[in-house]
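Participant: Below is the file final-v8.txt, which contains compact mmCIF, C-alpha atoms and all ligand atoms.
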```
# COMPACT_ATOMS: atom_id res chain seq x y z
CA MET A 1 28.44 -50.81 31.64
CA SER A 2 26.57 -50.18 28.45
CA CYS A 3 27.36 -47.36 26.19
CA VAL A 4 25.26 -45.73 23.51
CA THR A 5 26.99 -43.85 20.78
CA ILE A 6 24.94 -41.34 18.88
CA ILE A 7 26.39 -40.15 15.64
CA PHE A 8 25.08 -36.86 14.29
CA LEU A 9 25.19 -36.90 10.54
CA SER A 10 25.10 -33.28 9.57
CA ALA A 11 27.59 -33.35 6.74
CA PHE A 12 27.93 -35.17 3.45
CA THR A 13 31.33 -36.76 3.02
CA GLU A 14 31.35 -35.70 -0.63
CA PRO A 15 29.95 -32.33 -1.76
CA TRP A 16 26.59 -32.66 -3.52
CA ARG A 17 27.38 -29.81 -5.89
CA THR A 18 30.78 -29.06 -7.35
CA ILE A 19 32.17 -25.60 -7.79
CA SER A 20 35.36 -24.16 -9.32
CA TRP A 21 37.01 -22.45 -6.41
CA GLY A 22 38.66 -19.19 -7.39
CA ASP A 23 37.53 -18.67 -11.02
CA LEU A 24 37.07 -14.99 -11.87
CA ASN A 25 37.84 -15.19 -15.58
CA TYR A 26 34.41 -16.32 -16.72
CA VAL A 27 32.73 -13.17 -15.46
CA GLN A 28 35.61 -10.92 -16.49
CA ASP A 29 35.59 -12.23 -20.06
CA TYR A 30 31.81 -12.21 -20.55
CA LYS A 31 30.37 -10.19 -23.45
CA PRO A 32 26.66 -10.41 -24.36
CA SER A 33 26.33 -12.92 -27.19
CA LYS A 34 23.80 -10.69 -28.97
CA GLY A 35 25.66 -7.68 -30.38
CA SER A 36 22.72 -5.29 -30.07
CA VAL A 37 22.54 -5.86 -26.31
CA LYS A 38 25.06 -3.80 -24.37
CA HIS A 39 24.46 -5.25 -20.94
CA LEU A 40 22.41 -7.65 -18.87
CA ARG A 41 20.17 -5.93 -16.40
CA VAL A 42 19.79 -7.71 -13.09
CA LEU A 43 17.04 -6.73 -10.68
CA LEU A 44 17.31 -7.85 -7.07
CA TYR A 45 14.26 -8.10 -4.93
CA GLY A 46 13.32 -9.77 -1.69
CA PRO A 47 12.54 -9.04 1.95
CA VAL A 48 13.96 -6.14 3.95
CA GLY A 49 17.44 -6.93 5.25
CA ALA A 50 17.93 -10.08 3.18
CA GLY A 51 21.22 -8.80 1.78
CA LYS A 52 20.34 -7.44 -1.68
CA SER A 53 22.46 -4.29 -1.41
CA SER A 54 25.25 -6.29 0.21
CA PHE A 55 25.18 -8.73 -2.71
CA ILE A 56 25.61 -5.86 -5.19
CA ASN A 57 28.44 -4.45 -3.08
CA SER A 58 30.05 -7.85 -2.89
CA VAL A 59 29.88 -8.35 -6.67
CA SER A 60 31.29 -4.88 -7.20
CA SER A 61 34.14 -5.46 -4.72
CA ILE A 62 35.09 -8.80 -6.25
CA LEU A 63 35.09 -7.57 -9.84
CA ARG A 64 37.04 -4.44 -8.96
CA GLY A 65 39.48 -6.36 -6.76
CA ARG A 66 38.96 -4.14 -3.75
CA MET A 67 36.22 -3.31 -1.28
CA ALA A 68 33.53 -1.12 -2.78
CA ILE A 69 31.83 1.77 -1.02
CA PRO A 70 28.50 0.47 0.37
CA ALA A 71 25.50 1.05 -1.91
CA ALA A 72 23.45 4.10 -1.01
CA VAL A 73 20.14 3.48 0.73
CA SER A 74 17.27 4.47 -1.53
CA ALA A 75 14.09 2.98 -2.91
CA TYR A 76 15.62 2.24 -6.31
CA GLU A 77 19.28 2.43 -7.30
CA THR A 78 21.06 1.25 -10.41
CA HIS A 79 24.71 0.19 -10.27
CA THR A 80 27.29 -0.23 -12.97
CA ILE A 81 30.72 -1.69 -12.26
CA GLU A 82 33.82 -0.03 -13.62
CA ARG A 83 36.51 -2.29 -15.04
CA GLU A 84 39.95 -2.08 -13.48
CA ASP A 85 41.62 -4.33 -16.05
CA GLY A 86 42.18 -1.75 -18.79
CA ASP A 87 39.36 -3.12 -20.97
CA PRO A 88 38.39 -0.40 -23.47
CA ASP A 89 34.68 -0.92 -22.72
CA GLY A 90 35.24 0.69 -19.31
CA PHE A 91 32.33 -1.07 -17.56
CA TYR A 92 31.22 -4.65 -17.05
CA PRO A 93 28.21 -5.54 -19.23
CA LEU A 94 26.07 -5.92 -16.11
CA VAL A 95 23.70 -3.41 -14.59
CA LEU A 96 22.49 -4.30 -11.12
CA SER A 97 19.30 -2.68 -9.92
CA ASP A 98 18.70 -2.58 -6.21
CA ILE A 99 15.25 -2.01 -4.84
CA MET A 100 14.27 -1.55 -1.25
CA GLY A 101 12.97 -4.73 0.34
CA LEU A 102 9.42 -5.88 0.57
CA GLU A 103 7.72 -6.35 3.87
CA ASP A 104 4.18 -7.53 4.34
CA GLY A 105 1.80 -5.82 6.75
CA THR A 106 3.91 -2.68 7.17
CA ASN A 107 4.44 0.52 5.24
CA LYS A 108 8.12 -0.33 4.81
CA GLY A 109 9.68 -1.08 1.46
CA VAL A 110 8.34 -1.01 -2.06
CA CYS A 111 5.05 -2.59 -3.11
CA THR A 112 4.72 -5.51 -5.45
CA GLU A 113 2.96 -3.38 -8.05
CA ASP A 114 6.01 -1.07 -8.25
CA ILE A 115 8.25 -4.03 -8.96
CA LYS A 116 5.95 -5.40 -11.58
CA LEU A 117 5.82 -2.05 -13.36
CA THR A 118 9.59 -1.64 -13.11
CA MET A 119 10.15 -5.04 -14.60
CA MET A 120 7.57 -4.69 -17.31
CA GLY A 121 9.10 -1.31 -18.19
CA HIS A 122 12.49 -2.89 -18.66
CA VAL A 123 11.06 -5.66 -20.72
CA MET A 124 9.32 -3.17 -22.98
CA ASP A 125 12.65 -1.39 -23.41
CA LYS A 126 14.16 -4.72 -24.43
CA TYR A 127 16.30 -4.77 -21.34
CA LEU A 128 17.00 -7.97 -19.58
CA VAL A 129 15.88 -8.32 -16.02
CA THR A 130 17.12 -11.27 -14.07
CA LEU A 131 15.53 -11.59 -10.69
CA SER A 132 17.17 -12.49 -7.51
CA HIS A 133 15.36 -13.62 -4.43
CA SER A 134 17.15 -13.41 -1.14
CA PHE A 135 16.65 -15.37 2.01
CA SER A 136 18.26 -14.94 5.39
CA HIS A 137 18.96 -17.43 8.13
CA LYS A 138 15.75 -16.30 9.81
CA GLN A 139 12.83 -18.62 9.35
CA PHE A 140 11.57 -18.48 5.80
CA LYS A 141 7.93 -17.71 5.35
CA LEU A 142 5.87 -17.01 2.29
CA LEU A 143 5.09 -13.34 1.81
CA LYS A 144 2.94 -11.57 -0.72
CA TRP A 145 5.94 -11.10 -2.95
CA ASP A 146 6.39 -14.86 -3.27
CA THR A 147 3.17 -14.95 -5.21
CA LEU A 148 4.68 -12.31 -7.44
CA ILE A 149 7.76 -14.45 -7.98
CA LEU A 150 5.61 -17.28 -9.18
CA GLN A 151 3.70 -15.01 -11.58
CA LEU A 152 6.60 -13.17 -13.13
CA PRO A 153 8.13 -15.85 -15.34
CA VAL A 154 4.68 -16.43 -16.81
CA LEU A 155 4.21 -12.71 -17.41
CA THR A 156 7.62 -11.95 -18.80
CA GLY A 157 9.64 -15.09 -19.48
CA ILE A 158 12.42 -13.49 -17.46
CA PRO A 159 14.80 -15.95 -15.83
CA GLN A 160 15.05 -15.92 -12.07
CA VAL A 161 17.60 -17.16 -9.61
CA CYS A 162 17.43 -17.29 -5.86
CA ILE A 163 20.35 -16.12 -3.73
CA LEU A 164 20.45 -17.53 -0.22
CA THR A 165 22.39 -15.11 1.93
CA HIS A 166 23.80 -15.26 5.48
CA ILE A 167 25.02 -18.83 5.16
CA ASP A 168 27.93 -17.89 7.43
CA GLU A 169 25.40 -17.67 10.28
CA ALA A 170 23.17 -20.53 9.19
CA CYS A 171 25.01 -23.61 10.40
CA GLY A 172 28.19 -24.69 12.13
CA ILE A 173 29.70 -26.12 8.98
CA THR A 174 29.49 -22.95 6.91
CA GLU A 175 30.31 -20.83 9.94
CA SER A 176 33.66 -22.55 10.29
CA ASN A 177 34.44 -23.05 6.60
CA LEU A 178 32.49 -21.64 3.67
CA LYS A 179 34.25 -24.11 1.39
CA ASP A 180 32.16 -26.88 2.97
CA VAL A 181 28.84 -25.35 1.98
CA TYR A 182 27.94 -28.29 -0.26
CA HIS A 183 28.80 -30.71 2.53
CA SER A 184 26.14 -29.21 4.79
CA LYS A 185 22.91 -31.16 5.11
CA TYR A 186 21.28 -28.17 6.78
CA ILE A 187 21.96 -25.83 3.87
CA LYS A 188 20.76 -28.46 1.41
CA ARG A 189 17.55 -28.94 3.39
CA LYS A 190 16.95 -25.17 3.48
CA MET A 191 17.49 -24.98 -0.25
CA GLU A 192 15.02 -27.82 -0.78
CA GLU A 193 12.45 -26.07 1.43
CA MET A 194 12.95 -22.90 -0.57
CA SER A 195 12.69 -24.80 -3.81
CA SER A 196 9.41 -26.47 -2.90
CA SER A 197 7.81 -23.37 -1.37
CA VAL A 198 8.49 -20.94 -4.22
CA GLY A 199 8.88 -23.40 -7.05
CA PHE A 200 12.49 -22.63 -7.93
CA PRO A 201 14.45 -25.61 -9.22
CA MET A 202 17.41 -26.46 -6.97
CA ASN A 203 19.86 -25.57 -9.72
CA CYS A 204 18.60 -21.95 -9.64
CA ILE A 205 19.33 -21.53 -5.93
CA PHE A 206 22.75 -20.33 -4.78
CA PRO A 207 23.97 -20.08 -1.20
CA VAL A 208 26.33 -17.16 -0.58
CA LYS A 209 27.92 -15.16 2.15
CA ASN A 210 28.01 -11.45 1.35
CA TYR A 211 30.78 -9.16 2.45
CA ASN A 212 29.52 -7.38 5.53
CA GLU A 213 32.27 -6.65 8.03
CA GLU A 214 35.39 -7.69 6.14
CA THR A 215 37.98 -5.15 5.10
CA LYS A 216 39.79 -7.49 2.71
CA LEU A 217 38.65 -9.79 -0.07
CA ASN A 218 38.42 -13.49 0.69
CA ASP A 219 38.69 -16.27 -1.92
CA ASP A 220 35.92 -18.43 -0.49
CA ILE A 221 33.39 -15.59 -0.28
CA ASP A 222 34.39 -14.55 -3.80
CA THR A 223 33.99 -18.01 -5.24
CA LEU A 224 30.42 -18.57 -4.05
CA ILE A 225 29.34 -15.15 -5.31
CA LEU A 226 31.14 -15.63 -8.63
CA ASP A 227 29.50 -19.02 -9.05
CA ALA A 228 26.06 -17.44 -8.59
CA LEU A 229 27.04 -14.64 -10.96
CA ARG A 230 28.17 -17.09 -13.60
CA TYR A 231 24.70 -18.68 -13.64
CA ILE A 232 22.97 -15.29 -13.62
CA ILE A 233 25.04 -14.39 -16.69
CA ASN A 234 24.33 -17.71 -18.42
CA PHE A 235 20.58 -17.53 -17.79
CA GLY A 236 20.54 -13.89 -18.82
CA ASP A 237 22.49 -14.55 -21.99
CA ASP A 238 20.11 -17.36 -22.96
CA PHE A 239 17.25 -14.93 -22.46
CA ILE A 240 18.68 -12.16 -24.67
CA LYS A 241 19.32 -14.63 -27.48
CA LYS A 242 15.55 -15.09 -27.69
CA LEU A 243 14.71 -11.37 -27.79
N1 LIG B 1 26.72 -12.24 8.23
C1 LIG B 1 26.15 -11.77 7.12
N2 LIG B 1 25.59 -10.56 7.13
C2 LIG B 1 25.02 -10.12 5.98
C3 LIG B 1 25.00 -10.91 4.79
N3 LIG B 1 24.36 -10.22 3.83
C4 LIG B 1 23.99 -9.04 4.38
N4 LIG B 1 24.38 -8.98 5.69
C5 LIG B 1 24.09 -7.91 6.65
O1 LIG B 1 22.66 -7.86 6.80
C6 LIG B 1 22.20 -6.52 6.91
C7 LIG B 1 21.17 -6.21 5.82
O2 LIG B 1 21.80 -6.29 4.54
P1 LIG B 1 21.38 -5.36 3.31
O3 LIG B 1 22.27 -5.69 2.18
O4 LIG B 1 21.30 -3.93 3.71
O5 LIG B 1 19.92 -5.89 3.03
P2 LIG B 1 18.87 -5.42 1.91
O6 LIG B 1 18.25 -6.64 1.37
O7 LIG B 1 19.54 -4.50 0.94
O8 LIG B 1 17.82 -4.62 2.79
P3 LIG B 1 16.79 -3.44 2.33
O9 LIG B 1 17.51 -2.52 1.40
O10 LIG B 1 16.41 -2.78 3.62
O11 LIG B 1 15.64 -4.12 1.69
C8 LIG B 1 23.45 -5.64 6.84
O12 LIG B 1 23.85 -5.34 8.15
C9 LIG B 1 24.49 -6.53 6.15
O13 LIG B 1 25.81 -6.19 6.55
C10 LIG B 1 25.61 -12.21 4.83
O14 LIG B 1 25.64 -12.98 3.85
N5 LIG B 1 26.17 -12.58 6.02
MG MG B 2 19.15 -2.56 0.38
```
Just give me the structure as structure tokens.

Facilitator:
Amino acid sequence: MSCVTIIFLSAFTEPWRTISWGDLNYVQDYKPSKGSVKHLRVLLYGPVGAGKSSFINSVSSILRGRMAIPAAVSAYETHTIEREDGDPDGFYPLVLSDIMGLEDGTNKGVCTEDIKLTMMGHVMDKYLVTLSHSFSHKQFKLLKWDTLILQLPVLTGIPQVCILTHIDEACGITESNLKDVYHSKYIKRKMEEMSSSVGFPMNCIFPVKNYNEETKLNDDIDTLILDALRYIINFGDDFIKKL
């Protein structure tokens, strides 16, 4: 009797990107390197339901060490994060701006022109705006706002990162263990697709799982979000040095 063995190679034996699991200090200790800048301003935009508000909530929960109250639903909301570590500054030097998602062909969400004006306004005020682009496990397709993404660095020189949300639902590997995210061939392929379709370099794309139904903090969720935040801070700090 003959036997055919099919091996499904869906995982890398070694992770293709390394990450420091459980490192909160970098974000906690960050101070803008340019004294005249009080905080980095981070603007999140992307499609409806991609997880922008959840990302802000997740960051807030992790930095405060406890679950944060969900962000209010509104077209534009700015969030500061209070320090719980007795630092005399009182707040983290990060301001996260949440805007309602963009959706093509409907009247839902904000329009690209609003975002452009918002961003240009911040730039004029010498604020930093770092952009975040979210993506869910649903099939990725180019929307009008992707064109905007491609134009914005040219218009403003503002750094951008892409946050890939919902990885806990994206593939079996991340569903069973978030720690294995950089072992997953599926996640890597999705990141490569994203990179080639919107022109983001791979090292500006970060897969995360946001807090959504958890009642307690989890080290693995925290680590992926903190890793993304560390790069957002680094890119933002490089940008303010040039202002
Ligand atoms: N499983 C899972 N659910 C998520 C994740 N991120 C967000 N969600 C859920 O997805 C839904 C939409 O998330 P939101 O954060 O409201 O999305 P948004 O981008 O702010 O959407 P708009 O404000 O409508 O543009 C909510 O039910 C979240 O709980 C994630 O990483 N994993
Ligand atoms: Mg939202």

Participant: Env of Tyr231 of chain A: 10 Å cut, atoms = all atoms listed in the file, seq-sep filter 6 positions within chain, self excluded. Answer as a list of chain:residue names.

Facilitator: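 Listing them by chain and then by number gives A:Val27, A:Val161, A:Asn203, A:Cys204, A:Ile205, A:Phe206, A:Asp237.
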
Participant: Could you check the closest approach to Asn218 of chain A for each of A:Ile56, A:Ser97, A:Asn177, A:Val37 and tell me which residue wins, using only C-alpha atoms?

Facilitator: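 Comparing A:Ile56, A:Ser97, A:Asn177, A:Val37 against Asn218 of chain A, the winner is A:Asn177.
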
Participant: Measuring between all atoms listed in the file, which one of A:Ile167, A:Leu43, A:Leu229, A:Leu96 shows the shortest distance to Val181 of chain A?

Facilitator: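 The answer is A:Ile167, which sits nearest to Val181 of chain A.
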
Participant: How would you write, as a list in words, the set of residues no farther than 6 Å from ligand LIG 1 (chain B) when counting all atoms listed in the file?

Facilitator: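 Going residue by residue within 6 Å of ligand LIG 1 (chain B), we get Pro47, Val48, Gly49, Ala50, Gly51, Lys52, Ser53, Ser54, Met100, Gly101, Thr165, His166, Asp168, Glu169, Lys209, Asn210 and Asn212 of chain A.
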
Participant: For the atom pair atom CA of Ser58 of chain A and atom CA of Ile225 of chain A, what is the interatomic distance in Å to one decimal place?

Facilitator: 7.7 Å

Participant: Taking into account only C-alpha atoms and all ligand atoms, which residue in the set A:Ile99, A:Val42, A:Ile240, A:Leu94 is nearest to ligand MG 2 (chain B)?

Facilitator: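 Closest candidate: A:Ile99.
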
Participant: Missing atoms in segment 211-237 of chain A should be modelled up to N, CA, C and O atoms and reported as a compact mmCIF listing (two decimals), in the frame of the given file.

Facilitator:
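Final output, out34.txt:
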```txt
# COMPACT_ATOMS: atom_id res chain seq x y z
N TYR A 211 29.85 -9.94 1.62
CA TYR A 211 30.78 -9.16 2.45
C TYR A 211 29.95 -8.27 3.36
O TYR A 211 29.01 -7.62 2.92
N ASN A 212 30.24 -8.29 4.63
CA ASN A 212 29.52 -7.38 5.53
C ASN A 212 30.47 -6.64 6.46
O ASN A 212 30.40 -5.43 6.58
N GLU A 213 31.40 -7.36 7.09
CA GLU A 213 32.27 -6.65 8.03
C GLU A 213 33.73 -6.75 7.64
O GLU A 213 34.60 -6.18 8.29
N GLU A 214 34.00 -7.47 6.55
CA GLU A 214 35.39 -7.69 6.14
C GLU A 214 36.00 -6.41 5.57
O GLU A 214 35.29 -5.59 4.98
N THR A 215 37.30 -6.28 5.72
CA THR A 215 37.98 -5.15 5.10
C THR A 215 38.84 -5.62 3.93
O THR A 215 39.34 -4.81 3.16
N LYS A 216 39.00 -6.93 3.82
CA LYS A 216 39.79 -7.49 2.71
C LYS A 216 38.99 -8.55 1.99
O LYS A 216 38.12 -9.20 2.58
N LEU A 217 39.34 -8.74 0.71
CA LEU A 217 38.65 -9.79 -0.07
C LEU A 217 39.08 -11.17 0.41
O LEU A 217 40.19 -11.34 0.91
N ASN A 218 38.18 -12.13 0.23
CA ASN A 218 38.42 -13.49 0.69
C ASN A 218 38.03 -14.45 -0.43
O ASN A 218 36.94 -14.35 -0.99
N ASP A 219 38.92 -15.38 -0.77
CA ASP A 219 38.69 -16.27 -1.92
C ASP A 219 37.41 -17.10 -1.82
O ASP A 219 36.74 -17.32 -2.82
N ASP A 220 37.08 -17.55 -0.62
CA ASP A 220 35.92 -18.43 -0.49
C ASP A 220 34.61 -17.64 -0.66
O ASP A 220 33.68 -18.10 -1.32
N ILE A 221 34.58 -16.45 -0.09
CA ILE A 221 33.39 -15.59 -0.28
C ILE A 221 33.26 -15.28 -1.76
O ILE A 221 32.18 -15.40 -2.36
N ASP A 222 34.39 -14.90 -2.38
CA ASP A 222 34.39 -14.55 -3.80
C ASP A 222 33.85 -15.69 -4.65
O ASP A 222 33.04 -15.49 -5.55
N THR A 223 34.33 -16.88 -4.37
CA THR A 223 33.99 -18.01 -5.24
C THR A 223 32.50 -18.30 -5.26
O THR A 223 31.91 -18.52 -6.31
N LEU A 224 31.86 -18.28 -4.09
CA LEU A 224 30.42 -18.57 -4.05
C LEU A 224 29.63 -17.49 -4.79
O LEU A 224 28.68 -17.77 -5.51
N ILE A 225 30.04 -16.25 -4.63
CA ILE A 225 29.34 -15.15 -5.31
C ILE A 225 29.60 -15.22 -6.81
O ILE A 225 28.68 -15.05 -7.63
N LEU A 226 30.83 -15.52 -7.19
CA LEU A 226 31.14 -15.63 -8.63
C LEU A 226 30.41 -16.80 -9.27
O LEU A 226 30.01 -16.73 -10.43
N ASP A 227 30.22 -17.86 -8.51
CA ASP A 227 29.50 -19.02 -9.05
C ASP A 227 28.05 -18.62 -9.33
O ASP A 227 27.51 -18.93 -10.40
N ALA A 228 27.44 -17.91 -8.38
CA ALA A 228 26.06 -17.44 -8.59
C ALA A 228 26.01 -16.50 -9.80
O ALA A 228 25.13 -16.60 -10.65
N LEU A 229 27.00 -15.63 -9.87
CA LEU A 229 27.04 -14.64 -10.96
C LEU A 229 27.20 -15.31 -12.33
O LEU A 229 26.61 -14.88 -13.32
N ARG A 230 27.96 -16.35 -12.35
CA ARG A 230 28.17 -17.09 -13.60
C ARG A 230 26.83 -17.63 -14.13
O ARG A 230 26.52 -17.54 -15.31
N TYR A 231 26.00 -18.16 -13.21
CA TYR A 231 24.70 -18.68 -13.64
C TYR A 231 23.75 -17.55 -14.01
O TYR A 231 22.98 -17.66 -14.96
N ILE A 232 23.82 -16.45 -13.28
CA ILE A 232 22.97 -15.29 -13.62
C ILE A 232 23.31 -14.85 -15.05
O ILE A 232 22.43 -14.60 -15.87
N ILE A 233 24.60 -14.80 -15.35
CA ILE A 233 25.04 -14.39 -16.69
C ILE A 233 24.57 -15.41 -17.73
O ILE A 233 24.05 -15.04 -18.79
N ASN A 234 24.74 -16.68 -17.45
CA ASN A 234 24.33 -17.71 -18.42
C ASN A 234 22.83 -17.65 -18.69
O ASN A 234 22.40 -17.68 -19.84
N PHE A 235 22.04 -17.56 -17.62
CA PHE A 235 20.58 -17.53 -17.79
C PHE A 235 20.19 -16.25 -18.53
O PHE A 235 19.33 -16.26 -19.41
N GLY A 236 20.84 -15.16 -18.16
CA GLY A 236 20.54 -13.89 -18.82
C GLY A 236 20.92 -13.92 -20.29
O GLY A 236 20.17 -13.44 -21.15
N ASP A 237 22.05 -14.50 -20.59
CA ASP A 237 22.49 -14.55 -21.99
C ASP A 237 21.55 -15.42 -22.82
O ASP A 237 21.23 -15.09 -23.96
```
